[in-house]
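**Student:** Coordinates in upload.tsv, TSV, C-alpha atoms and all ligand atoms, are listed below.
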chain	number	residue	atom	x	y	z
A	1	MET	CA	-97.53	-25.19	-27.40
A	2	ARG	CA	-95.41	-26.66	-24.67
A	3	ALA	CA	-92.43	-29.01	-25.05
A	4	ALA	CA	-94.55	-31.93	-23.83
A	5	ASP	CA	-96.82	-31.51	-26.86
A	6	ILE	CA	-93.98	-32.37	-29.27
A	7	ALA	CA	-91.75	-34.45	-26.98
A	8	ASP	CA	-90.67	-36.76	-29.86
A	9	ASP	CA	-89.05	-33.83	-31.71
A	10	LEU	CA	-86.99	-32.70	-28.72
A	11	THR	CA	-84.22	-34.13	-26.58
A	12	ASP	CA	-83.90	-31.69	-23.66
A	13	VAL	CA	-85.84	-28.72	-22.43
A	14	LEU	CA	-83.16	-26.13	-21.63
A	15	VAL	CA	-85.28	-23.26	-20.35
A	16	THR	CA	-88.98	-23.34	-19.51
A	17	GLU	CA	-91.44	-20.56	-20.19
A	18	GLU	CA	-91.71	-19.95	-16.44
A	19	GLN	CA	-87.93	-19.55	-16.11
A	20	ILE	CA	-87.91	-17.17	-19.07
A	21	HIS	CA	-90.63	-14.97	-17.60
A	22	GLU	CA	-88.92	-14.83	-14.21
A	23	LYS	CA	-85.61	-13.88	-15.81
A	24	LEU	CA	-87.21	-11.20	-17.99
A	25	ARG	CA	-88.88	-9.68	-14.92
A	26	GLU	CA	-85.47	-9.46	-13.20
A	27	LEU	CA	-83.83	-7.94	-16.27
A	28	ALA	CA	-86.68	-5.46	-16.70
A	29	GLN	CA	-86.21	-4.17	-13.15
A	30	GLN	CA	-82.50	-3.76	-13.81
A	31	VAL	CA	-83.03	-1.97	-17.13
A	32	ALA	CA	-85.57	0.40	-15.56
A	33	VAL	CA	-83.00	1.43	-12.96
A	34	ASP	CA	-80.09	1.69	-15.41
A	35	TYR	CA	-82.01	3.86	-17.88
A	36	GLU	CA	-83.85	6.10	-15.46
A	37	GLY	CA	-84.16	9.59	-16.97
A	38	LYS	CA	-82.62	8.49	-20.27
A	39	ASP	CA	-84.15	8.58	-23.75
A	40	LEU	CA	-84.36	4.82	-24.29
A	41	VAL	CA	-85.60	2.95	-27.35
A	42	LEU	CA	-85.85	-0.83	-27.63
A	43	VAL	CA	-84.90	-2.39	-30.97
A	44	GLY	CA	-85.89	-5.99	-31.68
A	45	VAL	CA	-84.25	-8.06	-34.38
A	46	LEU	CA	-86.84	-9.95	-36.44
A	47	LYS	CA	-88.04	-12.54	-36.44
A	48	GLY	CA	-86.57	-14.49	-33.56
A	49	ALA	CA	-86.82	-11.66	-31.03
A	50	ILE	CA	-90.58	-11.15	-31.22
A	51	MET	CA	-91.35	-13.30	-28.17
A	52	VAL	CA	-88.64	-11.86	-25.95
A	53	MET	CA	-89.53	-8.32	-27.01
A	54	SER	CA	-93.20	-8.90	-26.35
A	55	ASP	CA	-92.66	-10.29	-22.86
A	56	PHE	CA	-89.76	-8.00	-21.92
A	57	ILE	CA	-91.42	-4.70	-22.84
A	58	ARG	CA	-94.52	-5.65	-20.85
A	59	ALA	CA	-92.35	-6.54	-17.84
A	60	LEU	CA	-90.81	-3.04	-17.88
A	61	PRO	CA	-92.25	-0.66	-15.28
A	62	ILE	CA	-91.39	2.36	-17.48
A	63	LEU	CA	-92.83	3.72	-20.73
A	64	VAL	CA	-90.56	3.03	-23.68
A	65	PRO	CA	-90.91	3.07	-27.48
A	66	LEU	CA	-89.99	0.06	-29.56
A	67	ASP	CA	-88.85	-0.50	-33.10
A	68	PHE	CA	-87.80	-3.50	-35.17
A	69	MET	CA	-85.14	-4.27	-37.68
A	70	ALA	CA	-84.96	-7.26	-40.02
A	71	VAL	CA	-81.58	-8.38	-41.26
A	72	SER	CA	-80.25	-11.43	-43.00
A	73	SER	CA	-76.88	-12.63	-44.12
A	74	TYR	CA	-76.19	-12.55	-47.85
A	75	GLY	CA	-75.85	-16.32	-48.01
A	76	ALA	CA	-74.38	-19.36	-46.36
A	77	SER	CA	-70.86	-18.54	-47.49
A	78	THR	CA	-71.03	-14.99	-46.18
A	79	LYS	CA	-72.70	-15.82	-42.86
A	80	SER	CA	-69.25	-16.30	-41.38
A	81	SER	CA	-68.11	-12.98	-42.80
A	82	GLY	CA	-70.74	-11.16	-40.77
A	83	VAL	CA	-71.95	-9.18	-43.79
A	84	VAL	CA	-75.66	-8.66	-43.38
A	85	GLN	CA	-78.39	-7.17	-45.51
A	86	ILE	CA	-81.06	-4.87	-44.09
A	87	ARG	CA	-84.50	-6.23	-44.99
A	88	LYS	CA	-86.43	-3.79	-42.86
A	89	ASP	CA	-84.77	-0.72	-41.45
A	90	LEU	CA	-85.68	1.20	-38.31
A	91	ASP	CA	-88.56	3.69	-38.47
A	92	THR	CA	-86.92	5.64	-35.65
A	93	ASP	CA	-84.12	8.18	-35.87
A	94	ILE	CA	-81.84	6.87	-33.11
A	95	HIS	CA	-79.49	9.87	-33.12
A	96	ASP	CA	-78.82	10.81	-29.48
A	97	LYS	CA	-81.08	7.97	-28.28
A	98	HIS	CA	-80.02	5.23	-25.88
A	99	VAL	CA	-80.60	2.04	-27.84
A	100	LEU	CA	-81.14	-1.34	-26.22
A	101	ILE	CA	-81.06	-4.14	-28.80
A	102	VAL	CA	-83.31	-7.02	-27.79
A	103	GLU	CA	-82.25	-10.39	-29.20
A	104	ASP	CA	-83.36	-13.96	-28.71
A	105	ILE	CA	-79.90	-15.47	-29.10
A	106	ILE	CA	-76.24	-14.67	-29.59
A	107	ASP	CA	-74.73	-17.51	-31.57
A	108	SER	CA	-71.59	-16.54	-33.49
A	109	GLY	CA	-72.14	-12.91	-32.49
A	110	LEU	CA	-71.72	-11.74	-36.09
A	111	THR	CA	-75.21	-10.28	-36.49
A	112	LEU	CA	-74.89	-8.19	-33.35
A	113	SER	CA	-71.35	-7.17	-34.12
A	114	TRP	CA	-72.61	-5.67	-37.40
A	115	LEU	CA	-75.66	-4.08	-35.77
A	116	LEU	CA	-73.64	-2.49	-32.97
A	117	GLU	CA	-71.38	-0.82	-35.50
A	118	ASN	CA	-74.30	0.21	-37.68
A	119	PHE	CA	-76.21	1.82	-34.78
A	120	ALA	CA	-73.10	3.57	-33.47
A	121	SER	CA	-72.59	5.10	-36.94
A	122	ARG	CA	-76.11	6.58	-36.77
A	123	GLY	CA	-75.10	8.62	-33.75
A	124	ALA	CA	-76.84	6.72	-30.98
A	125	ALA	CA	-75.96	8.05	-27.53
A	126	SER	CA	-75.33	4.46	-26.43
A	127	VAL	CA	-76.00	0.98	-27.75
A	128	GLU	CA	-76.35	-2.00	-25.42
A	129	VAL	CA	-77.59	-5.54	-25.88
A	130	LEU	CA	-80.11	-7.70	-24.06
A	131	ALA	CA	-80.06	-11.32	-25.20
A	132	LEU	CA	-82.25	-14.03	-23.72
A	133	LEU	CA	-79.81	-16.77	-24.75
A	134	ARG	CA	-76.11	-16.90	-25.46
A	135	LYS	CA	-73.95	-19.76	-26.73
A	136	PRO	CA	-70.44	-19.01	-25.42
A	137	GLU	CA	-68.93	-21.97	-27.29
A	138	ALA	CA	-70.20	-20.71	-30.65
A	139	ALA	CA	-68.74	-17.20	-30.40
A	140	LYS	CA	-66.72	-16.01	-33.39
A	141	VAL	CA	-66.61	-12.46	-32.11
A	142	GLU	CA	-66.99	-11.34	-28.51
A	143	ILE	CA	-70.09	-9.24	-27.92
A	144	ASP	CA	-70.23	-7.00	-24.91
A	145	CYS	CA	-73.72	-8.03	-23.82
A	146	ARG	CA	-74.98	-6.04	-20.85
A	147	TYR	CA	-78.04	-8.20	-20.09
A	148	VAL	CA	-77.95	-11.97	-20.63
A	149	GLY	CA	-80.75	-14.35	-19.73
A	150	PHE	CA	-79.14	-17.77	-19.97
A	151	ASP	CA	-75.86	-19.20	-21.25
A	152	ILE	CA	-76.61	-22.45	-23.06
A	153	PRO	CA	-74.56	-25.21	-24.73
A	154	ASN	CA	-73.82	-25.15	-28.45
A	155	ASP	CA	-76.83	-27.30	-29.40
A	156	PHE	CA	-79.51	-26.80	-32.06
A	157	VAL	CA	-82.18	-25.06	-30.00
A	158	VAL	CA	-85.71	-24.09	-30.97
A	159	GLY	CA	-88.68	-22.42	-29.35
A	160	TYR	CA	-89.62	-19.05	-27.91
A	161	GLY	CA	-89.05	-17.44	-31.31
A	162	LEU	CA	-86.20	-19.66	-32.45
A	163	ASP	CA	-86.96	-21.74	-35.52
A	164	TYR	CA	-85.94	-24.68	-37.62
A	165	ASN	CA	-87.16	-24.04	-41.19
A	166	GLU	CA	-89.62	-21.46	-39.81
A	167	SER	CA	-91.18	-24.08	-37.53
A	168	TYR	CA	-91.08	-24.37	-33.71
A	169	ARG	CA	-91.16	-20.60	-33.12
A	170	ASN	CA	-94.45	-20.96	-31.22
A	171	LEU	CA	-93.05	-23.50	-28.78
A	172	ARG	CA	-93.23	-21.72	-25.41
A	173	ASP	CA	-90.07	-23.33	-23.97
A	174	VAL	CA	-86.50	-23.40	-25.32
A	175	ALA	CA	-85.49	-26.97	-26.18
A	176	VAL	CA	-82.88	-28.97	-28.06
A	177	LEU	CA	-84.13	-30.26	-31.41
A	178	ALA	CA	-83.75	-34.03	-31.83
A	179	PRO	CA	-81.24	-34.88	-34.59
A	180	HIS	CA	-83.77	-37.07	-36.45
A	181	VAL	CA	-85.76	-33.91	-37.25
A	182	TYR	CA	-82.99	-32.23	-39.25
A	183	SER	CA	-80.72	-35.09	-40.41
A	201	LIG	C1	-80.85	-15.60	-35.46
A	201	LIG	C2	-81.06	-14.83	-34.16
A	201	LIG	C3	-80.02	-13.75	-34.24
A	201	LIG	C4	-78.91	-14.39	-35.04
A	201	LIG	C5	-77.83	-14.83	-34.13
A	201	LIG	O1	-81.57	-14.99	-36.47
A	201	LIG	O2	-82.36	-14.32	-34.06
A	201	LIG	O3	-80.51	-12.60	-34.90
A	201	LIG	O4	-79.45	-15.53	-35.71
A	201	LIG	O5	-76.82	-15.49	-34.84
A	201	LIG	P1	-75.31	-14.99	-34.86
A	201	LIG	O6	-74.93	-14.61	-33.48
A	201	LIG	O7	-74.57	-16.21	-35.35
A	201	LIG	O8	-75.20	-13.86	-35.82
A	201	LIG	P2	-81.76	-15.65	-37.90
A	201	LIG	O9	-80.75	-15.11	-38.86
A	201	LIG	O10	-81.81	-17.16	-37.77
A	201	LIG	O11	-83.18	-15.09	-38.35
A	201	LIG	P3	-84.59	-15.20	-37.59
A	201	LIG	O12	-84.48	-14.38	-36.31
A	201	LIG	O13	-85.57	-14.63	-38.55
A	201	LIG	O14	-84.85	-16.66	-37.28
Please express the file's structure as structure tokens.
Ligand code: PRP
**Tutor:**
Amino acid sequence: MRAADIADDLTDVLVTEEQIHEKLRELAQQVAVDYEGKDLVLVGVLKGAIMVMSDFIRALPILVPLDFMAVSSYGASTKSSGVVQIRKDLDTDIHDKHVLIVEDIIDSGLTLSWLLENFASRGAASVEVLALLRKPEAAKVEIDCRYVGFDIPNDFVVGYGLDYNESYRNLRDVAVLAPHVYS
């Protein structure tokens, strides 16, 4: 669905599907150059990253394997501690591999901070991050993100994989959720 289909639930459209696709094509060209001749593996973080992974990997002009990881924080009180639980681990041995983590959004940065450390401890040759969206104002830890799609304000955004109560993931655009939906 497009933002216009559920206009009453949204206040602003921040990034359209067309803008996302154009940006992912640019990033894919860059990644192909940067990783030429290297043993690259893409790792998506479920569930939010499924859309960006799906479009990004198809925009890449090189062959590359992909894997997924599912993580969640232990609970509301520990979200800010950055302690996460692995719900689905990698199928791939990433030792000596160049890992590119593909994320939909960097909010506090805590999830990625934990993942970066975890992947480094498995002996990856390198670990970099591609994030479609980043909220600079929400950062609790700084993440060295090599490929960023769009910096956005610290609003409640949904769409393109991002949810509210598991809904809105199939919205094609990224938009700000209207307060009446969640208050
Ligand atoms: C979201 C998003 C990132 C993380 C970013 O996932 O996909 O993985 O939060 O937040 P942070 O920077 O504050 O750590 P979420 O835990 O909502 O799960 P989901 O992808 O299944 O929706």
**Student:** Using only C-alpha atoms, which residues sit within 12 Å of A:Ser113 once same-chain residues fewer than 6 positions away are excluded, as a PyMOL selection string?
**Tutor:** chain A and resi 80-84+101+106-107+119-120+127-129+139-145
**Student:** Go ahead and compute the interatomic distance for atom CA of A:Asp12 and atom P3 of ligand LIG 201 (chain A), in Å to one decimal.
**Tutor:**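 Between these atoms lies a distance of 21.6 Å.
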**Student:** Could you list the protein, DNA and RNA residues that have any atom within 8 Å of ligand LIG 201 (chain A), counting only C-alpha atoms and all ligand atoms, and write them as number ranges by chain?
**Tutor:** A: 45-49, 70-73, 79, 82, 103-113, 138-139, 161-163, 166
**Student:** To one decimal in Å, tell me the separation between atom CA of A:Asp173 and atom CA of A:Leu132.
**Tutor:**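 Straight-line distance from atom CA of A:Asp173 to atom CA of A:Leu132 works out to 12.2 Å.
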**Student:** Considering all atoms listed in the file, can you say which of A:Asp5, A:Asp67, A:Glu137, A:Asp89 comes closest to A:Val41?
**Tutor:**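 When distances to A:Val41 are compared using all atoms listed in the file, the smallest one comes from A:Asp67.
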**Student:** Hey, can you check how far atom CA of A:Trp114 sits from atom CA of A:Asp55?
**Tutor:**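 Straight-line distance from atom CA of A:Trp114 to atom CA of A:Asp55 works out to 25.2 Å.
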**Student:** Can you list, as a list in words, every protein, DNA or RNA residue that comes within 7 Å of A:Asp9 when you count only C-alpha atoms, leaving out same-chain residues fewer than 6 positions away?
**Tutor:**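 My list of contacting residues is Leu177, Ala178 and Val181 of chain A.
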**Student:** Counting only C-alpha atoms, which residue out of A:Asp151, A:Val158, A:Arg169, A:Val33 sits closest to A:Tyr182?
**Tutor:** A:Val158
**Student:** Ranking A:Val31, A:Glu36, A:Lys88, A:Val52 by minimum distance to A:Val174 and counting all atoms listed in the file, which one comes first?
**Tutor:**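 Under the stated criterion, the closest residue is A:Val52.
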